[in-house]
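Taking it in order: structure first as structure tokens, then the write-up.
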Amino acid sequence: MIILGINETSHDASVSLIKDGEILFAGHAERYSKQKNDWYNNTDIYLDMLKYGKPTHIAYYEKPQLKRSRLIFRGGNGHWKPTIPFDLPVKYFSHHHSHAAAGYYTSKFDNAVVVVLDSIGEYNSSTIWVGEGDSLRQVYKKNYPFSFGLFYSAFTKLVGLKPNEEEYIMMGMAAYGDYKKHYARVIEYFPSINQQKYNFHTGIYDWQLPIRTDQDKFDIAAAVQKVYEDRLIEFMRYAREKTNKKNLVFMGGCALNCAANTMLWNIFDDVWIMPNPGDAGSSLGAASALYGKHLNWNDPYLGHDLGGKYPVNKIITELINNKVAAVATGRAEYGPRALGNRSILADPRDPNIKDKVNLIKKRELFRPFAPVILEEKASEWFDMDYSSPYMQYTPRCLKPHLIPSVVHKDGTSRVQTVNRQQHPGLYEVLSNWYVLTGVPVLLNTSLNIKGQPLINDENDILNWENTYNFTIYR
Ligand SMILES: [Fe+2]
């Protein structure tokens, strides 16, 4: 049985292919169409997927009938249907079931609570599941319009950003604001895990305080982030008590909030967040739900294959000479983060490197860069006693003066830890860099033209090199 998992029509289309427990392919539509957050899959991604096998079954990440009924309920016409490009048996799984399966079946746990929080599925917006062995069952649900995700997205829109896409920018802004200024006001919108002020689908329509300066926006972002964190902790404590499980799997778009994720380690003994916890991860979720057993999860390098060997020496030489090196090699990351195969690496010791990389990437100057560090050195440099291979947590930096370019305004860093098994090439780069400099850390940011998805194929490499007059090593 070779299962094709499909996710589309909700801001991040993707395709996955599994055979028994092996993940043969998992990729994002946007990397092929070059349309950021593309809602639909395309011929190119399907052709790339077919190189890895011919599907015999299809798993779709939502229940179209249910979703249609909600769209009609909201006043739409419900004229919507999924596109299935192969004439094969199709099985439909609910939106939250796909999220939960993507998380649980890629985890190493055989006993865990699975929490799914997002904007909205068909109707579910917050669910709790219990995973035992290969069984996965829902034990709690809360429906639209109550929604952690919609609460956050409504405020994302209020500060002038794009909801369902730019929540990560709002999270970055929060570090620049004073949460106390608007906390009492914002908590009225989300006073408890059982109550919200109104349907946030409509946006925030009764704010009425001035939003004139960037600082106004930062202060609102800080308060929203704090309220979100407080409610998240409350919900996670509830989930732990309800199920009596020590291991957490966290999924859904809310699991992309890495600042809040950091607190989960205070509540649970162990935490797994699949590196693609939002809807883009749900093609793998649907496929694994149909398979119904744990997958053999090795790493997130599951997309388009550029081939090649990791250019360790070239990267090191470039870093020594110019402090910045771009690399594109091997298979593309499945998930929003560049984790070494489509990355710009830079010297984190240089306080000016941030501006240099920001100029290349032409992005907002307040947005922080992330460090990548040898896993065995992580607890010396950051306040963490866990690994973070997919940049999902933001512990406090313990030596900010030594690596100023990868420390955020509030003293934290969105850390990627690397061990040899996870990525031998990147591990070697960091080891060599450590020998040369005494610092086991590099800056790691995504290799993309501003506003476009991560670089995917050979053509993108040439485009990038032409645009920025900058060599990409491979
Ligand atoms: Fe979702």
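Here's how to read the names in the structure tokens: chain A, B, ... by the order shown, residue numbers from 1 in each chain, ligand numbers from 1 in the order shown.
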
Taking a cut-off of 8 Å and counting only C-alpha atoms, can you build a table that, for each residue of range 87-189 of chain A near range 232-244 of chain A, reports the nearest atom pair and how far apart they are in Å (one decimal), sorted by chain then residue number, as CSV?
residue,atom,partner,partner_atom,distance
A:Val113,CA,A:Thr243,CA,6.7
A:Val115,CA,A:Ala239,CA,7.5
A:Ile128,CA,A:Ala239,CA,6.8
A:Val130,CA,A:Thr243,CA,7.2

Practice task
List every residue of range 156-318 of chain A that DSSP, applied to the backbone of this structure, assigns to strand (DSSP E), and report them as JSON, numbers by chain.
Solution key: {"A": [247, 248, 249, 250, 251, 270, 271, 272, 301, 302, 303, 304, 305]}

Exercise for the section: Give the residue list for ligand 1 at 9 Å, counting only C-alpha atoms and all ligand atoms, as number ranges by chain, sorted by chain and then by residue number. Expected result: A: 10, 95-96, 98-99, 116-121, 125, 251-254, 277-280, 282

Got time to write the residues from that selection, all heavy atoms, as a CSV table (one decimal), in the first residue's frame?
chain,number,residue,atom,x,y,z
A,10,SER,N,-6.4,25.3,2.0
A,10,SER,CA,-6.3,26.0,3.2
A,10,SER,C,-4.9,26.6,3.4
A,10,SER,O,-4.1,26.0,4.1
A,10,SER,CB,-6.8,25.2,4.4
A,10,SER,OG,-5.7,24.9,5.2
A,95,HIS,N,-10.0,17.3,9.8
A,95,HIS,CA,-8.9,18.2,9.8
A,95,HIS,C,-8.0,18.0,11.1
A,95,HIS,O,-6.8,17.9,11.0
A,95,HIS,CB,-9.5,19.6,9.8
A,95,HIS,CG,-8.5,20.7,9.7
A,95,HIS,ND1,-8.3,21.4,8.5
A,95,HIS,CD2,-7.6,21.3,10.6
A,95,HIS,CE1,-7.3,22.3,8.7
A,95,HIS,NE2,-6.9,22.3,9.9
A,96,HIS,N,-8.7,17.9,12.2
A,96,HIS,CA,-7.9,17.7,13.5
A,96,HIS,C,-7.4,16.3,13.6
A,96,HIS,O,-6.3,16.1,14.2
A,96,HIS,CB,-8.8,18.1,14.7
A,96,HIS,CG,-8.7,19.6,15.0
A,96,HIS,ND1,-8.4,20.0,16.3
A,96,HIS,CD2,-8.7,20.6,14.2
A,96,HIS,CE1,-8.3,21.4,16.2
A,96,HIS,NE2,-8.6,21.8,15.0
A,98,SER,N,-6.2,14.6,11.1
A,98,SER,CA,-5.0,14.7,10.3
A,98,SER,C,-3.8,15.3,11.1
A,98,SER,O,-2.7,14.9,11.1
A,98,SER,CB,-5.2,15.4,9.0
A,98,SER,OG,-6.2,14.8,8.2
A,99,HIS,N,-4.1,16.4,11.8
A,99,HIS,CA,-3.1,17.1,12.6
A,99,HIS,C,-2.6,16.1,13.7
A,99,HIS,O,-1.4,16.0,13.9
A,99,HIS,CB,-3.7,18.3,13.3
A,99,HIS,CG,-3.7,19.6,12.5
A,99,HIS,ND1,-2.6,20.0,11.8
A,99,HIS,CD2,-4.7,20.5,12.4
A,99,HIS,CE1,-2.9,21.2,11.3
A,99,HIS,NE2,-4.2,21.5,11.5
A,116,VAL,N,-4.3,19.5,19.8
A,116,VAL,CA,-4.3,20.2,18.5
A,116,VAL,C,-5.1,21.5,18.6
A,116,VAL,O,-6.2,21.6,19.1
A,116,VAL,CB,-5.1,19.4,17.4
A,116,VAL,CG1,-5.1,20.1,16.1
A,116,VAL,CG2,-4.4,18.0,17.2
A,117,LEU,N,-4.4,22.6,18.4
A,117,LEU,CA,-4.9,23.9,18.4
A,117,LEU,C,-4.7,24.7,17.1
A,117,LEU,O,-3.5,24.8,16.7
A,117,LEU,CB,-4.3,24.8,19.6
A,117,LEU,CG,-4.5,24.2,21.0
A,117,LEU,CD1,-3.8,25.1,22.0
A,117,LEU,CD2,-6.0,24.2,21.4
A,118,ASP,N,-5.7,25.2,16.5
A,118,ASP,CA,-5.5,25.9,15.3
A,118,ASP,C,-6.6,27.0,15.1
A,118,ASP,O,-7.3,27.3,16.1
A,118,ASP,CB,-5.4,25.0,14.0
A,118,ASP,CG,-6.6,24.3,13.7
A,118,ASP,OD1,-7.6,24.5,14.4
A,118,ASP,OD2,-6.6,23.5,12.8
A,119,SER,N,-6.7,27.5,13.9
A,119,SER,CA,-7.8,28.5,13.7
A,119,SER,C,-9.1,27.8,13.7
A,119,SER,O,-10.0,28.0,14.5
A,119,SER,CB,-7.6,29.3,12.4
A,119,SER,OG,-6.5,30.2,12.6
A,120,ILE,N,-9.2,26.8,12.7
A,120,ILE,CA,-10.4,26.1,12.6
A,120,ILE,C,-10.2,24.9,11.6
A,120,ILE,O,-9.4,25.1,10.6
A,120,ILE,CB,-11.5,27.0,12.0
A,120,ILE,CG1,-12.9,26.4,12.0
A,120,ILE,CG2,-11.2,27.6,10.7
A,120,ILE,CD1,-14.0,27.3,11.7
A,121,GLY,N,-10.9,23.8,11.9
A,121,GLY,CA,-10.9,22.7,10.9
A,121,GLY,C,-12.2,22.8,10.2
A,121,GLY,O,-12.5,23.8,9.7
A,125,SER,N,-11.8,23.4,16.7
A,125,SER,CA,-10.7,24.3,16.7
A,125,SER,C,-9.7,23.9,17.8
A,125,SER,O,-8.5,24.3,17.8
A,125,SER,CB,-11.2,25.7,17.0
A,125,SER,OG,-11.8,25.8,18.2
A,251,MET,N,0.2,19.9,18.1
A,251,MET,CA,0.0,20.1,16.6
A,251,MET,C,-1.0,21.2,16.3
A,251,MET,O,-1.7,21.7,17.2
A,251,MET,CB,-0.4,18.8,16.0
A,251,MET,CG,0.7,17.7,16.0
A,251,MET,SD,2.1,18.1,15.0
A,251,MET,CE,1.5,18.0,13.4
A,252,GLY,N,-1.1,21.6,15.1
A,252,GLY,CA,-2.0,22.7,14.6
A,252,GLY,C,-1.1,23.9,14.5
A,252,GLY,O,0.0,24.0,15.0
A,253,GLY,N,-1.7,24.9,13.8
A,253,GLY,CA,-0.9,26.2,13.5
A,253,GLY,C,-0.4,26.8,14.8
A,253,GLY,O,0.6,27.5,14.7
A,254,CYS,N,-1.1,26.7,15.9
A,254,CYS,CA,-0.7,27.3,17.1
A,254,CYS,C,0.7,26.8,17.6
A,254,CYS,O,1.4,27.5,18.3
A,254,CYS,CB,-1.7,27.1,18.2
A,254,CYS,SG,-3.2,28.0,17.9
A,277,PRO,N,3.9,21.5,11.9
A,277,PRO,CA,2.7,21.2,12.7
A,277,PRO,C,1.4,21.9,12.1
A,277,PRO,O,0.3,21.5,12.5
A,277,PRO,CB,3.0,21.8,14.1
A,277,PRO,CG,4.0,22.9,13.8
A,277,PRO,CD,4.8,22.5,12.6
A,278,GLY,N,1.6,22.9,11.2
A,278,GLY,CA,0.4,23.6,10.7
A,278,GLY,C,-0.3,22.7,9.6
A,278,GLY,O,0.0,21.5,9.4
A,279,ASP,N,-1.1,23.3,8.8
A,279,ASP,CA,-1.9,22.6,7.8
A,279,ASP,C,-1.0,22.0,6.8
A,279,ASP,O,-1.3,20.9,6.2
A,279,ASP,CB,-2.9,23.5,7.1
A,279,ASP,CG,-4.1,23.8,8.0
A,279,ASP,OD1,-4.1,23.3,9.2
A,279,ASP,OD2,-5.0,24.5,7.6
A,280,ALA,N,0.2,22.6,6.5
A,280,ALA,CA,1.1,22.1,5.5
A,280,ALA,C,1.6,20.7,5.9
A,280,ALA,O,2.0,19.9,5.1
A,280,ALA,CB,2.3,23.0,5.3
A,282,SER,N,-0.4,18.4,7.2
A,282,SER,CA,-1.5,17.5,7.3
A,282,SER,C,-1.6,16.6,6.1
A,282,SER,O,-2.4,15.6,6.2
A,282,SER,CB,-2.8,18.3,7.4
A,282,SER,OG,-2.8,18.9,8.7

Problem - Non-local contacts of Lys34 in chain A (10 Å; only C-alpha atoms; under 3 positions in same chain excluded) as a list in words - result: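 Close residues of Lys34 in chain A: Ala29, Glu30, Arg31, Asn37, Asp38, Gly451, Gln452, Pro453, Leu454, Ile455, Asn456 and Asp460 of chain A.
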
With all heavy atoms retained, write the just-selected residues as a compact mmCIF listing (two decimals), in the first residue's frame.
# COMPACT_ATOMS: atom_id res chain seq x y z
N ALA A 29 3.48 22.77 -1.92
CA ALA A 29 3.09 23.29 -3.24
C ALA A 29 3.79 24.61 -3.56
O ALA A 29 4.22 24.84 -4.69
CB ALA A 29 1.58 23.48 -3.28
N GLU A 30 3.92 25.48 -2.57
CA GLU A 30 4.47 26.82 -2.81
C GLU A 30 5.89 26.78 -3.37
O GLU A 30 6.31 27.66 -4.11
CB GLU A 30 4.45 27.66 -1.53
CG GLU A 30 5.35 27.11 -0.42
CD GLU A 30 5.57 28.10 0.74
OE1 GLU A 30 4.70 28.95 0.98
OE2 GLU A 30 6.65 28.01 1.39
N ARG A 31 6.64 25.75 -3.04
CA ARG A 31 8.04 25.68 -3.50
C ARG A 31 8.10 25.41 -4.99
O ARG A 31 9.11 25.62 -5.62
CB ARG A 31 8.79 24.57 -2.75
CG ARG A 31 8.61 24.59 -1.25
CD ARG A 31 9.68 25.39 -0.54
NE ARG A 31 9.31 25.63 0.85
CZ ARG A 31 9.61 24.83 1.87
NH1 ARG A 31 10.33 23.76 1.67
NH2 ARG A 31 9.22 25.13 3.09
N ASN A 37 2.48 30.41 0.41
CA ASN A 37 1.27 29.88 1.06
C ASN A 37 0.22 29.41 0.05
O ASN A 37 -0.98 29.51 0.29
CB ASN A 37 0.64 30.91 2.01
CG ASN A 37 1.62 31.42 3.06
OD1 ASN A 37 2.08 32.54 2.98
ND2 ASN A 37 1.95 30.59 4.01
N ASP A 38 0.69 28.92 -1.08
CA ASP A 38 -0.22 28.48 -2.15
C ASP A 38 -1.31 27.54 -1.59
O ASP A 38 -1.00 26.60 -0.85
CB ASP A 38 0.60 27.73 -3.22
CG ASP A 38 -0.13 27.68 -4.55
OD1 ASP A 38 -1.36 27.88 -4.56
OD2 ASP A 38 0.53 27.46 -5.57
N GLY A 451 9.70 37.62 0.06
CA GLY A 451 8.31 37.44 -0.36
C GLY A 451 8.06 36.14 -1.10
O GLY A 451 6.92 35.82 -1.43
N GLN A 452 9.14 35.40 -1.39
CA GLN A 452 8.96 34.13 -2.10
C GLN A 452 9.25 32.95 -1.18
O GLN A 452 9.91 33.10 -0.16
CB GLN A 452 9.91 34.08 -3.31
CG GLN A 452 9.49 35.02 -4.42
CD GLN A 452 10.33 34.81 -5.68
OE1 GLN A 452 10.96 33.78 -5.85
NE2 GLN A 452 10.31 35.80 -6.54
N PRO A 453 8.76 31.79 -1.56
CA PRO A 453 9.05 30.60 -0.74
C PRO A 453 10.54 30.26 -0.76
O PRO A 453 11.30 30.81 -1.56
CB PRO A 453 8.25 29.50 -1.44
CG PRO A 453 7.31 30.18 -2.36
CD PRO A 453 7.91 31.48 -2.71
N LEU A 454 10.92 29.32 0.08
CA LEU A 454 12.30 28.83 0.09
C LEU A 454 12.71 28.34 -1.29
O LEU A 454 11.89 27.80 -2.04
CB LEU A 454 12.41 27.63 1.03
CG LEU A 454 12.52 27.86 2.52
CD1 LEU A 454 12.63 26.52 3.24
CD2 LEU A 454 13.74 28.70 2.82
N ILE A 455 13.99 28.49 -1.57
CA ILE A 455 14.53 27.96 -2.83
C ILE A 455 14.28 26.45 -2.90
O ILE A 455 14.41 25.76 -1.89
CB ILE A 455 16.03 28.30 -2.89
CG1 ILE A 455 16.15 29.70 -3.48
CG2 ILE A 455 16.82 27.26 -3.64
CD1 ILE A 455 17.54 30.15 -3.66
N ASN A 456 13.91 25.97 -4.07
CA ASN A 456 13.59 24.55 -4.20
C ASN A 456 14.52 23.83 -5.16
O ASN A 456 15.18 22.88 -4.81
CB ASN A 456 12.13 24.40 -4.67
CG ASN A 456 11.57 23.02 -4.41
OD1 ASN A 456 11.77 22.47 -3.32
ND2 ASN A 456 10.89 22.45 -5.38
N ASP A 460 15.70 27.98 -9.29
CA ASP A 460 15.60 28.95 -8.19
C ASP A 460 17.00 29.42 -7.78
O ASP A 460 17.21 30.57 -7.44
CB ASP A 460 14.92 28.34 -6.96
CG ASP A 460 13.51 27.89 -7.25
OD1 ASP A 460 12.92 28.37 -8.22
OD2 ASP A 460 13.00 27.05 -6.48

Exercise for the section: Excluding range 317-319 of chain A and residues on its chain fewer than 5 positions from it, collect all residues at most 7 Å away from it, counting only C-alpha atoms, and give them as a list in words. Expected result: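 Final neighbour list, sorted by chain and number: Val324, Ala325, Ala346 and Asp347 of chain A.
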
Print the selection's residues with C-alpha atoms to a file, as a PDB file, in the first residue's frame.
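Output saved as result-v4.pdb:
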ATOM      1  CA  VAL A 324      28.106  34.810   5.126  1.00  0.00           C
ATOM      2  CA  ALA A 325      27.596  31.604   3.108  1.00  0.00           C
ATOM      3  CA  ALA A 346      26.595  33.522   8.944  1.00  0.00           C
ATOM      4  CA  ASP A 347      29.047  34.440  11.694  1.00  0.00           C
TER       5      ASP A 347
END

Practice task
Calculate how many Å separate CA of Gln196 in chain A from CA of Asn257 in chain A, rounding to one decimal.
Solution key: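 CA of Gln196 in chain A sits 19.8 Å away from CA of Asn257 in chain A.
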
Spatial neighbours of His201 in chain A, max dist 12 Å, only C-alpha atoms, sep filter under 3 positions, as a PDB file with N, CA and C atoms, in the first residue's frame:
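The resulting file, part19.pdb, is shown below:
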ATOM      1  N   ARG A  74     -21.571  29.896   7.576  1.00  0.00           N
ATOM      2  CA  ARG A  74     -20.954  31.223   7.690  1.00  0.00           C
ATOM      3  C   ARG A  74     -21.467  32.208   6.640  1.00  0.00           C
ATOM      4  N   SER A 119      -6.729  27.537  13.934  1.00  0.00           N
ATOM      5  CA  SER A 119      -7.803  28.502  13.740  1.00  0.00           C
ATOM      6  C   SER A 119      -9.133  27.774  13.681  1.00  0.00           C
ATOM      7  N   ILE A 120      -9.193  26.835  12.734  1.00  0.00           N
ATOM      8  CA  ILE A 120     -10.433  26.099  12.558  1.00  0.00           C
ATOM      9  C   ILE A 120     -10.206  24.944  11.584  1.00  0.00           C
ATOM     10  N   TYR A 144     -15.491  25.836  16.641  1.00  0.00           N
ATOM     11  CA  TYR A 144     -15.677  27.171  16.120  1.00  0.00           C
ATOM     12  C   TYR A 144     -17.020  27.718  16.624  1.00  0.00           C
ATOM     13  N   PRO A 145     -17.164  28.983  17.015  1.00  0.00           N
ATOM     14  CA  PRO A 145     -16.175  30.045  16.819  1.00  0.00           C
ATOM     15  C   PRO A 145     -15.098  30.162  17.894  1.00  0.00           C
ATOM     16  N   PHE A 146     -15.191  29.382  19.000  1.00  0.00           N
ATOM     17  CA  PHE A 146     -14.086  29.430  19.967  1.00  0.00           C
ATOM     18  C   PHE A 146     -12.815  28.979  19.260  1.00  0.00           C
ATOM     19  N   SER A 147     -11.716  29.715  19.418  1.00  0.00           N
ATOM     20  CA  SER A 147     -10.499  29.327  18.710  1.00  0.00           C
ATOM     21  C   SER A 147      -9.285  30.098  19.197  1.00  0.00           C
ATOM     22  N   PHE A 148      -8.269  29.357  19.634  1.00  0.00           N
ATOM     23  CA  PHE A 148      -6.984  29.991  19.980  1.00  0.00           C
ATOM     24  C   PHE A 148      -6.406  30.698  18.754  1.00  0.00           C
ATOM     25  N   GLY A 149      -6.458  30.011  17.626  1.00  0.00           N
ATOM     26  CA  GLY A 149      -5.835  30.541  16.408  1.00  0.00           C
ATOM     27  C   GLY A 149      -6.534  31.788  15.904  1.00  0.00           C
ATOM     28  N   LEU A 150      -7.869  31.763  15.897  1.00  0.00           N
ATOM     29  CA  LEU A 150      -8.599  32.933  15.396  1.00  0.00           C
ATOM     30  C   LEU A 150      -8.387  34.146  16.295  1.00  0.00           C
ATOM     31  N   PHE A 151      -8.272  33.906  17.607  1.00  0.00           N
ATOM     32  CA  PHE A 151      -7.960  34.998  18.541  1.00  0.00           C
ATOM     33  C   PHE A 151      -6.650  35.674  18.115  1.00  0.00           C
ATOM     34  N   TYR A 152      -5.617  34.856  17.893  1.00  0.00           N
ATOM     35  CA  TYR A 152      -4.298  35.406  17.548  1.00  0.00           C
ATOM     36  C   TYR A 152      -4.334  36.071  16.169  1.00  0.00           C
ATOM     37  N   SER A 153      -5.013  35.435  15.231  1.00  0.00           N
ATOM     38  CA  SER A 153      -5.069  35.973  13.861  1.00  0.00           C
ATOM     39  C   SER A 153      -5.841  37.285  13.798  1.00  0.00           C
ATOM     40  N   ALA A 154      -6.891  37.409  14.603  1.00  0.00           N
ATOM     41  CA  ALA A 154      -7.681  38.646  14.591  1.00  0.00           C
ATOM     42  C   ALA A 154      -6.817  39.828  15.026  1.00  0.00           C
ATOM     43  N   PHE A 155      -5.984  39.611  16.037  1.00  0.00           N
ATOM     44  CA  PHE A 155      -5.089  40.694  16.469  1.00  0.00           C
ATOM     45  C   PHE A 155      -3.945  40.911  15.474  1.00  0.00           C
ATOM     46  N   THR A 156      -3.543  39.844  14.795  1.00  0.00           N
ATOM     47  CA  THR A 156      -2.527  39.986  13.741  1.00  0.00           C
ATOM     48  C   THR A 156      -3.045  40.972  12.689  1.00  0.00           C
ATOM     49  N   LYS A 157      -4.320  40.821  12.367  1.00  0.00           N
ATOM     50  CA  LYS A 157      -4.950  41.720  11.398  1.00  0.00           C
ATOM     51  C   LYS A 157      -5.063  43.135  11.973  1.00  0.00           C
ATOM     52  N   PRO A 163      -3.553  38.099   8.331  1.00  0.00           N
ATOM     53  CA  PRO A 163      -3.951  36.966   9.180  1.00  0.00           C
ATOM     54  C   PRO A 163      -3.761  35.634   8.454  1.00  0.00           C
ATOM     55  N   ASN A 164      -3.518  34.581   9.226  1.00  0.00           N
ATOM     56  CA  ASN A 164      -3.257  33.223   8.712  1.00  0.00           C
ATOM     57  C   ASN A 164      -1.915  33.079   8.025  1.00  0.00           C
ATOM     58  N   LYS A 197     -14.608  36.490  23.846  1.00  0.00           N
ATOM     59  CA  LYS A 197     -15.550  37.611  23.807  1.00  0.00           C
ATOM     60  C   LYS A 197     -16.550  37.509  22.658  1.00  0.00           C
ATOM     61  N   TYR A 198     -16.035  37.205  21.470  1.00  0.00           N
ATOM     62  CA  TYR A 198     -16.936  37.028  20.330  1.00  0.00           C
ATOM     63  C   TYR A 198     -16.258  36.220  19.241  1.00  0.00           C
ATOM     64  N   ILE A 204     -11.104  42.177  15.038  1.00  0.00           N
ATOM     65  CA  ILE A 204     -11.353  42.925  16.278  1.00  0.00           C
ATOM     66  C   ILE A 204     -12.036  44.236  15.883  1.00  0.00           C
ATOM     67  N   TYR A 205     -13.287  44.415  16.260  1.00  0.00           N
ATOM     68  CA  TYR A 205     -13.989  45.610  15.787  1.00  0.00           C
ATOM     69  C   TYR A 205     -14.288  46.627  16.885  1.00  0.00           C
TER      70      TYR A 205
END

Problem - Selected residue, from A:Met263, A:Tyr390, A:Ser413, A:Ser16, that lies nearest to Pro336 in chain A when counting only C-alpha atoms - result: A:Tyr390

Selection: 10 Å around Ser388 in chain A, only C-alpha atoms, excl. self and same-chain fewer than 5 positions, as an mmCIF file with N, CA and C atoms, in the first residue's frame:
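Printed below is around_20.cif as written:
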data_model
loop_
_atom_site.group_PDB
_atom_site.id
_atom_site.type_symbol
_atom_site.label_atom_id
_atom_site.label_comp_id
_atom_site.auth_asym_id
_atom_site.auth_seq_id
_atom_site.Cartn_x
_atom_site.Cartn_y
_atom_site.Cartn_z
ATOM 1 N N TRP A 272 6.853 16.578 21.797
ATOM 2 C CA TRP A 272 7.156 16.417 20.359
ATOM 3 C C TRP A 272 6.245 17.331 19.559
ATOM 4 N N ILE A 273 6.853 18.180 18.773
ATOM 5 C CA ILE A 273 6.105 18.978 17.814
ATOM 6 C C ILE A 273 6.674 18.612 16.450
ATOM 7 N N VAL A 372 22.061 28.162 15.002
ATOM 8 C CA VAL A 372 22.137 26.703 14.941
ATOM 9 C C VAL A 372 23.385 26.320 15.729
ATOM 10 N N ILE A 373 23.277 25.300 16.582
ATOM 11 C CA ILE A 373 24.352 24.978 17.525
ATOM 12 C C ILE A 373 24.553 23.470 17.610
ATOM 13 N N GLU A 375 24.470 20.137 19.191
ATOM 14 C CA GLU A 375 23.532 19.727 20.242
ATOM 15 C C GLU A 375 24.209 19.578 21.600
ATOM 16 N N ALA A 378 24.519 22.856 23.486
ATOM 17 C CA ALA A 378 23.335 23.723 23.601
ATOM 18 C C ALA A 378 23.110 24.231 25.024
ATOM 19 N N TYR A 393 11.661 26.225 19.789
ATOM 20 C CA TYR A 393 11.627 26.778 21.136
ATOM 21 C C TYR A 393 12.573 27.974 21.209
ATOM 22 N N THR A 394 12.289 28.865 22.164
ATOM 23 C CA THR A 394 13.122 30.068 22.282
ATOM 24 C C THR A 394 13.660 30.226 23.706
ATOM 25 N N PRO A 395 14.654 29.406 24.073
ATOM 26 C CA PRO A 395 15.245 29.556 25.409
ATOM 27 C C PRO A 395 16.087 30.838 25.505
ATOM 28 N N ARG A 414 15.715 31.559 18.993
ATOM 29 C CA ARG A 414 14.973 30.414 18.445
ATOM 30 C C ARG A 414 16.003 29.394 17.963
ATOM 31 N N VAL A 415 16.325 28.460 18.831
ATOM 32 C CA VAL A 415 17.496 27.603 18.647
ATOM 33 C C VAL A 415 17.206 26.370 17.779
ATOM 34 N N GLN A 416 18.177 26.065 16.900
ATOM 35 C CA GLN A 416 18.197 24.753 16.231
ATOM 36 C C GLN A 416 19.399 23.994 16.756
ATOM 37 N N THR A 417 19.173 22.823 17.330
ATOM 38 C CA THR A 417 20.290 21.989 17.774
ATOM 39 C C THR A 417 20.547 20.927 16.704
ATOM 40 N N VAL A 418 21.819 20.581 16.540
ATOM 41 C CA VAL A 418 22.165 19.595 15.498
ATOM 42 C C VAL A 418 23.072 18.520 16.075
#

Practice task
Excluding Lys81 in chain A and any residue of its chain fewer than 6 positions from it, enumerate the residues within 9 Å of it, using only C-alpha atoms, and give them as a list in words.
Solution key: Thr9, Pro64, Gln65 and Arg68 of chain A

Handout entry: Atom pair CA of Glu122 in chain A / CA of Phe93 in chain A: separation (Å)
Key =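 According to the coordinates, CA of Glu122 in chain A and CA of Phe93 in chain A are separated by 10.6 Å.
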
Practice task
Mind the document's chain letters and residue numbers, and return as a PyMOL selection string the residues of range 155-186 of chain A that DSSP labels alpha helix (DSSP H).
Solution key: chain A and resi 155-158+167-174+183-186
